[in-house]
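One structure below.
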Amino acid sequence: MIAEMLSFDFMRNALMGGLMVCVLCSLLSFFVVLKRLSFIGVGISHSAFGGLAIGVLLGFNPFICAGIFSVLVAWGIGITSQKGKLHEDTTIGIFFSAAMALGVALISLSREYKADLFSLLFGNILAITQADLWMVAICGVGVALFLFLFFKELLAISFDDEVARVGGLPVDFLYYGLLTAMAITVVASIKVVGIILVEALLVIPAATGFQMSKNYRWMLFFSLASGALSLFSGLILSYWLDIASGATIVLCASLLFVLAFLFSPGKGVLLRGRG
């Protein structure tokens with residue numbers, strides 16, 4: 001069945017694009033979970049819809065507009081959370097609600113909206129083109145380069161901002177750099193899993209890694225491994241059962257987390273205290 005599946009060009013494109021996105025999201029989710037940025041990821045992913053709508057209405061590339069708009073919203077969330085007196089979850093709720101509402105309002109004004117709204121919201125990995133693969137690759141290289149160049153520094157601010165600041169680290173630069181990386185990753189992932197589901201890939205792989213490991217190195221390894229396994233199993237199941245690929249990938253990632261939560265050595269709730 002796998003050989004038959006890979007005989008089609010669109011399936012090979014889906015596999016390559018999906019693998020790049022899952023690895024990228026899994027790598028980034030390591031810091032998202034450690035620094036507890038999961039809800040910010042939800043806000044950024046939903047804000048991409050507003051950027052897509054602006055691009056459609058103005059006749060520009062919607063994905064470039066979504067990238068710029070998502071970065072601006074990410075910075076807005078960061079600035080308001082740090083400088084304002086509102087709680088962070090309140091700020092994020094305001095931003096992503098406003099961005100989604102803006103997207104719906106602008107889309108309703110467009111009489112020539114040709115893009116498939118369902119695929120933007122929930123992804124259409126089987127429609128990935130060579131141009132999409134290049135976009136994902138360029139975004140992935142940029143984000144991965146930032147994460148690897150500042151890995152130790154990002155790890156430090158993930159554990160304790162104040163200690164990192166006292167130690168002379170550029171905490172604000174690293175924080176906003178991480179938010180920018182999240183925004184770019186969201187836009188790169190839209191074609192694969194869509195706006196609604198991308199936040200799952202920014203959280204679940206590292207959560208699975210956390211359940212499976214006792215230190216951050218193994219947590220990162222299991223995060224990447226679970227992301228790749230979710231992609232392969234999700235694509236195969238979606239091809240076999242003829243169901244939505246993006247949703248199947250997320251469901252496979254969720255199943256891996258449940259298995260790790262229940263059965264992981266040391267942390268699994270069904271194995272805890274045994275041995």
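Every chain in the structure tokens takes a letter, A first, then B, and so on in the order presented; its residues are numbered from 1, and the ligands are numbered from 1 following the presented order.
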Can you tell me, as number ranges by chain, what residues are no more than 6 Å from stretch 16-33 of chain A when counting only C-alpha atoms, ignoring any on the same chain fewer than 6 positions away? A: 133, 189, 201-203, 205-206, 223-224, 227
Pull the closest atom pair for each residue of stretch 114-197 of chain A that gets at most 12 Å from stretch 238-242 of chain A, along with the distance in Å to one decimal, counting only C-alpha atoms, ordering rows by chain and then ascending residue number, as JSON lines.
{"residue": "A:Asn124", "atom": "CA", "partner": "A:Ser238", "partner_atom": "CA", "distance": 11.7}
{"residue": "A:Ile125", "atom": "CA", "partner": "A:Ser238", "partner_atom": "CA", "distance": 10.7}
{"residue": "A:Leu126", "atom": "CA", "partner": "A:Tyr239", "partner_atom": "CA", "distance": 10.0}
Can I get the selection written as a short mmCIF file (atom, residue, chain, number, x, y, z; two decimals), in the first residue's frame, with C-alpha atoms?
data_model
loop_
_atom_site.label_atom_id
_atom_site.label_comp_id
_atom_site.auth_asym_id
_atom_site.auth_seq_id
_atom_site.Cartn_x
_atom_site.Cartn_y
_atom_site.Cartn_z
CA ASN A 124 -5.05 20.31 2.35
CA ILE A 125 -1.72 18.51 2.36
CA LEU A 126 -2.53 16.67 -0.87
#
Can you build me a table of stretch 118-232 of chain A residues sitting at most 8 Å from stretch 49-67 of chain A, with the closest atom pair per residue and its distance in Å to one decimal, using only C-alpha atoms, sorted by chain and residue number, as a Markdown table?
| residue | atom | partner | partner_atom | distance |
| --- | --- | --- | --- | --- |
| A:Ala183 | CA | A:Gly67 | CA | 6.6 |
| A:Ile184 | CA | A:Gly67 | CA | 5.9 |
| A:Val187 | CA | A:Gly67 | CA | 5.8 |
| A:Ile195 | CA | A:Phe49 | CA | 7.1 |
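Ranking A:Ala253, A:Ile243, A:Met212, A:Ile68 by their shortest atom-to-atom distance to A:Ser226, with only C-alpha atoms included, puts A:Ala253 first.
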Which residues are close to A:Ala247, i.e. within 9 Å by only C-alpha atoms, leaving aside same-chain residues fewer than 2 positions away? Reply as a PyMOL selection string. chain A and resi 122-123+193+197+234+238+243-245+249-252
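Using only C-alpha atoms, the shortest contact distance between A:Pro265 and any of A:Phe210, A:Ala127, A:Phe150, A:Phe221 is found at A:Phe210.
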In Å to one decimal, how far is atom CA of A:Val192 from atom CA of A:Asn13?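 If I compute the distance from atom CA of A:Asn13 to atom CA of A:Val192, I get 10.8 Å.
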Would you please work out which residue, of A:Ser158, A:Ser70, A:Ser230, A:Ser213, is nearest to A:Val42 when using only C-alpha atoms? A:Ser70
Distance in Å - atom CA of A:Ser108 versus atom CA of A:Glu199: 25.2 Å
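Among the candidates A:Leu72, A:Val186, A:Ile107, A:Leu154, the one nearest to A:Gly140 when counting only C-alpha atoms is A:Val186.
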Identify which of the residues A:Leu102, A:Leu34, A:Ile44, A:Leu178 lies closest to A:Tyr216, counting only C-alpha atoms when measuring atom-to-atom distances.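 Closest residue, counting only C-alpha atoms: A:Leu34.
One distance worth recording is that between atom CA of A:Ser254 and atom CA of A:Leu15, which is 19.4 Å.
Take the candidates A:Ile40, A:Ile157, A:Ala137, A:Ala48 and check each one against A:Asp172 using only C-alpha atoms; the shortest distance goes to A:Ile157.
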Which residues in stretch 40-235 of chain A does DSSP call alpha helix (DSSP H)? List them as a ChimeraX atom specification. /A:40-58,62-83,88-109,117-122,130-149,151-159,161-166,171-201,204-212,216-235
